[in-house]
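**Q** For reference, the structure I am asking about is given below.
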Amino acid sequence: MKFFTDWGFTAESWRGRRGEYWVLMQGLLMVGFVLVPVYGPTLPPALSLGLDAIALGLALFALVLLGKGLVDLGQSLTPLPYPREDGQLIQTGMYSIVRHCLYSGIVLLAIAFTLWQGSLSHLAATLVLFFFFDFKARKEETWLTDKYPDYPAYQQRVKKLLPWIY
């Protein structure tokens with residue numbers, strides 16, 4: 001149980017004060033993404049091969065974002081959008097490229113899968129994931145701004161979800 005309390009879960013957690021319902025919804029959306037049937041047009045082999053190459057590159061970049069992002073967070077890691085009491089504002093490593101690199105990694109993996117499968121149904125699911133993470137990040141950033149006075153300057157320097165873009 002100490003593992004969960006270190007992450008910010010308490011006996012009162014499910015009152016939603018630390019974003020527990022965001023985590024629950026995130027899990028449901030990710031399971032939903034996996035369960036969405038592949039639906040899309042048959043693409044010419046050359047286009048399909050090109051999309052596969054782009055998908056592979058995006059997937060590798062996404063895995064680096066996820067892996068290095070987890071390592072960079074260190075003791076500040078929590079599944080909740082509410083920052084840990086003993087956490088620190090991380091602005092180095094992957095967090096110097098994108099503010100929410102774990103969310104970015106998930107979205108980029110979804111885009112990679114969508115391209116690899118050429119699936120229009122997964123494109124729609126990816127858009128849902130992107131907007132969900134955008135809203136979740138917005139809520140999280142309210143809490144981060146309250147906790148860390150340097151956060152607004154960090155927001156000005158580093159993009160939110162898509163490295164160098166958004």
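Every chain in the structure tokens takes a letter, A first, then B, and so on in the order presented; its residues are numbered from 1, and the ligands are numbered from 1 following the presented order.
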Could you give me the residues within stretch 5-166 of chain A that DSSP places in helix (DSSP H, G or I), as an NGL selection string?
**A** :A and (5-6 or 13-15 or 20-35 or 45-76 or 93-96 or 101-117 or 120-147 or 151-157)
**Q** Just C-alpha atoms for this one: save the residues we selected as an mmCIF file, in the first residue's frame.
**A**
data_model
loop_
_atom_site.group_PDB
_atom_site.id
_atom_site.type_symbol
_atom_site.label_atom_id
_atom_site.label_comp_id
_atom_site.auth_asym_id
_atom_site.auth_seq_id
_atom_site.Cartn_x
_atom_site.Cartn_y
_atom_site.Cartn_z
ATOM 1 C CA THR A 5 0.335 6.356 -0.967
ATOM 2 C CA ASP A 6 3.733 7.479 -2.280
ATOM 3 C CA SER A 13 -8.540 9.546 -3.109
ATOM 4 C CA TRP A 14 -11.681 8.691 -4.957
ATOM 5 C CA ARG A 15 -13.256 12.009 -4.153
ATOM 6 C CA GLU A 20 -8.112 10.202 -9.896
ATOM 7 C CA TYR A 21 -11.001 10.201 -12.359
ATOM 8 C CA TRP A 22 -8.713 11.531 -15.094
ATOM 9 C CA VAL A 23 -6.511 8.456 -14.565
ATOM 10 C CA LEU A 24 -9.524 6.149 -14.677
ATOM 11 C CA MET A 25 -10.800 7.756 -17.884
ATOM 12 C CA GLN A 26 -7.320 7.574 -19.416
ATOM 13 C CA GLY A 27 -7.192 3.835 -18.777
ATOM 14 C CA LEU A 28 -10.625 3.330 -20.295
ATOM 15 C CA LEU A 29 -9.728 5.361 -23.395
ATOM 16 C CA MET A 30 -6.499 3.418 -23.887
ATOM 17 C CA VAL A 31 -8.335 0.096 -23.603
ATOM 18 C CA GLY A 32 -10.959 1.455 -26.004
ATOM 19 C CA PHE A 33 -8.231 2.387 -28.492
ATOM 20 C CA VAL A 34 -6.920 -1.175 -28.467
ATOM 21 C CA LEU A 35 -10.425 -2.590 -28.945
ATOM 22 C CA PRO A 45 1.893 -0.781 -51.738
ATOM 23 C CA ALA A 46 4.261 2.185 -52.191
ATOM 24 C CA LEU A 47 2.092 4.462 -50.035
ATOM 25 C CA SER A 48 1.617 1.714 -47.471
ATOM 26 C CA LEU A 49 5.367 1.174 -47.244
ATOM 27 C CA GLY A 50 5.961 4.908 -46.811
ATOM 28 C CA LEU A 51 3.370 5.116 -44.044
ATOM 29 C CA ASP A 52 4.941 2.082 -42.376
ATOM 30 C CA ALA A 53 8.330 3.811 -42.354
ATOM 31 C CA ILE A 54 6.844 6.977 -40.852
ATOM 32 C CA ALA A 55 4.951 4.883 -38.298
ATOM 33 C CA LEU A 56 8.140 3.076 -37.279
ATOM 34 C CA GLY A 57 9.993 6.366 -36.814
ATOM 35 C CA LEU A 58 7.138 7.843 -34.766
ATOM 36 C CA ALA A 59 6.858 4.699 -32.642
ATOM 37 C CA LEU A 60 10.569 4.723 -31.858
ATOM 38 C CA PHE A 61 10.460 8.423 -30.950
ATOM 39 C CA ALA A 62 7.355 7.802 -28.797
ATOM 40 C CA LEU A 63 9.085 4.979 -26.926
ATOM 41 C CA VAL A 64 12.089 7.235 -26.262
ATOM 42 C CA LEU A 65 9.743 9.963 -24.973
ATOM 43 C CA LEU A 66 7.987 7.495 -22.696
ATOM 44 C CA GLY A 67 11.082 5.702 -21.411
ATOM 45 C CA LYS A 68 13.292 8.736 -20.904
ATOM 46 C CA GLY A 69 10.333 10.732 -19.558
ATOM 47 C CA LEU A 70 9.728 8.127 -16.865
ATOM 48 C CA VAL A 71 13.429 8.119 -15.941
ATOM 49 C CA ASP A 72 13.610 11.925 -15.942
ATOM 50 C CA LEU A 73 10.654 12.208 -13.557
ATOM 51 C CA GLY A 74 12.348 9.959 -11.016
ATOM 52 C CA GLN A 75 10.833 10.463 -7.565
ATOM 53 C CA SER A 76 8.339 13.018 -8.932
ATOM 54 C CA GLY A 93 15.893 15.835 -20.391
ATOM 55 C CA MET A 94 12.730 15.069 -22.348
ATOM 56 C CA TYR A 95 10.942 17.750 -20.332
ATOM 57 C CA SER A 96 13.056 20.354 -22.096
ATOM 58 C CA CYS A 101 6.208 13.794 -22.642
ATOM 59 C CA LEU A 102 4.354 10.770 -21.252
ATOM 60 C CA TYR A 103 1.091 11.976 -22.791
ATOM 61 C CA SER A 104 2.986 12.839 -25.977
ATOM 62 C CA GLY A 105 4.455 9.363 -26.142
ATOM 63 C CA ILE A 106 1.030 7.761 -25.883
ATOM 64 C CA VAL A 107 -0.458 10.047 -28.542
ATOM 65 C CA LEU A 108 2.494 9.478 -30.889
ATOM 66 C CA LEU A 109 2.201 5.703 -30.420
ATOM 67 C CA ALA A 110 -1.482 5.984 -31.314
ATOM 68 C CA ILE A 111 -0.605 7.993 -34.429
ATOM 69 C CA ALA A 112 2.048 5.427 -35.359
ATOM 70 C CA PHE A 113 -0.410 2.554 -34.984
ATOM 71 C CA THR A 114 -3.010 4.457 -37.007
ATOM 72 C CA LEU A 115 -0.534 5.007 -39.855
ATOM 73 C CA TRP A 116 0.754 1.437 -39.719
ATOM 74 C CA GLN A 117 -2.757 0.033 -39.970
ATOM 75 C CA LEU A 120 -9.643 5.585 -40.137
ATOM 76 C CA SER A 121 -11.351 4.261 -37.012
ATOM 77 C CA HIS A 122 -8.059 4.554 -35.118
ATOM 78 C CA LEU A 123 -7.571 8.045 -36.508
ATOM 79 C CA ALA A 124 -10.818 9.040 -34.794
ATOM 80 C CA ALA A 125 -9.714 7.290 -31.588
ATOM 81 C CA THR A 126 -6.336 9.059 -31.755
ATOM 82 C CA LEU A 127 -8.091 12.418 -31.993
ATOM 83 C CA VAL A 128 -10.138 11.522 -28.916
ATOM 84 C CA LEU A 129 -6.924 10.599 -27.059
ATOM 85 C CA PHE A 130 -5.234 13.846 -28.136
ATOM 86 C CA PHE A 131 -8.108 16.038 -26.953
ATOM 87 C CA PHE A 132 -8.403 14.065 -23.718
ATOM 88 C CA PHE A 133 -4.694 14.539 -22.953
ATOM 89 C CA ASP A 134 -4.917 18.209 -23.894
ATOM 90 C CA PHE A 135 -7.736 18.738 -21.377
ATOM 91 C CA LYS A 136 -6.018 16.598 -18.741
ATOM 92 C CA ALA A 137 -2.767 18.541 -19.219
ATOM 93 C CA ARG A 138 -4.681 21.815 -18.862
ATOM 94 C CA LYS A 139 -6.048 20.691 -15.478
ATOM 95 C CA GLU A 140 -2.639 19.383 -14.429
ATOM 96 C CA GLU A 141 -0.992 22.664 -15.386
ATOM 97 C CA THR A 142 -3.345 24.565 -13.086
ATOM 98 C CA TRP A 143 -2.045 22.484 -10.177
ATOM 99 C CA LEU A 144 1.572 22.744 -11.368
ATOM 100 C CA THR A 145 1.289 26.536 -11.600
ATOM 101 C CA ASP A 146 -0.073 26.658 -8.045
ATOM 102 C CA LYS A 147 2.792 24.527 -6.734
ATOM 103 C CA TYR A 151 5.931 26.899 -14.175
ATOM 104 C CA PRO A 152 4.519 29.825 -16.229
ATOM 105 C CA ALA A 153 8.016 30.641 -17.580
ATOM 106 C CA TYR A 154 8.501 26.939 -18.390
ATOM 107 C CA GLN A 155 5.164 26.964 -20.271
ATOM 108 C CA GLN A 156 6.410 29.838 -22.416
ATOM 109 C CA ARG A 157 9.630 28.003 -23.345
#
**Q** To one decimal place, how far is atom CA of A:Arg17 from atom CA of A:Lys160 in Å?
**A**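 Taking atom CA of A:Arg17 and atom CA of A:Lys160, their separation equals 22.8 Å.
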**Q** Mind pulling up the distance from atom CA of A:Ser119 to atom CA of A:Thr42?
**A** 9.7 Å
**Q** Expressed in Å to a single decimal, how great is the separation between atom CA of A:Thr92 and atom CA of A:Val158?
**A**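 Computed distance, atom CA of A:Thr92 to atom CA of A:Val158, equals 10.7 Å.
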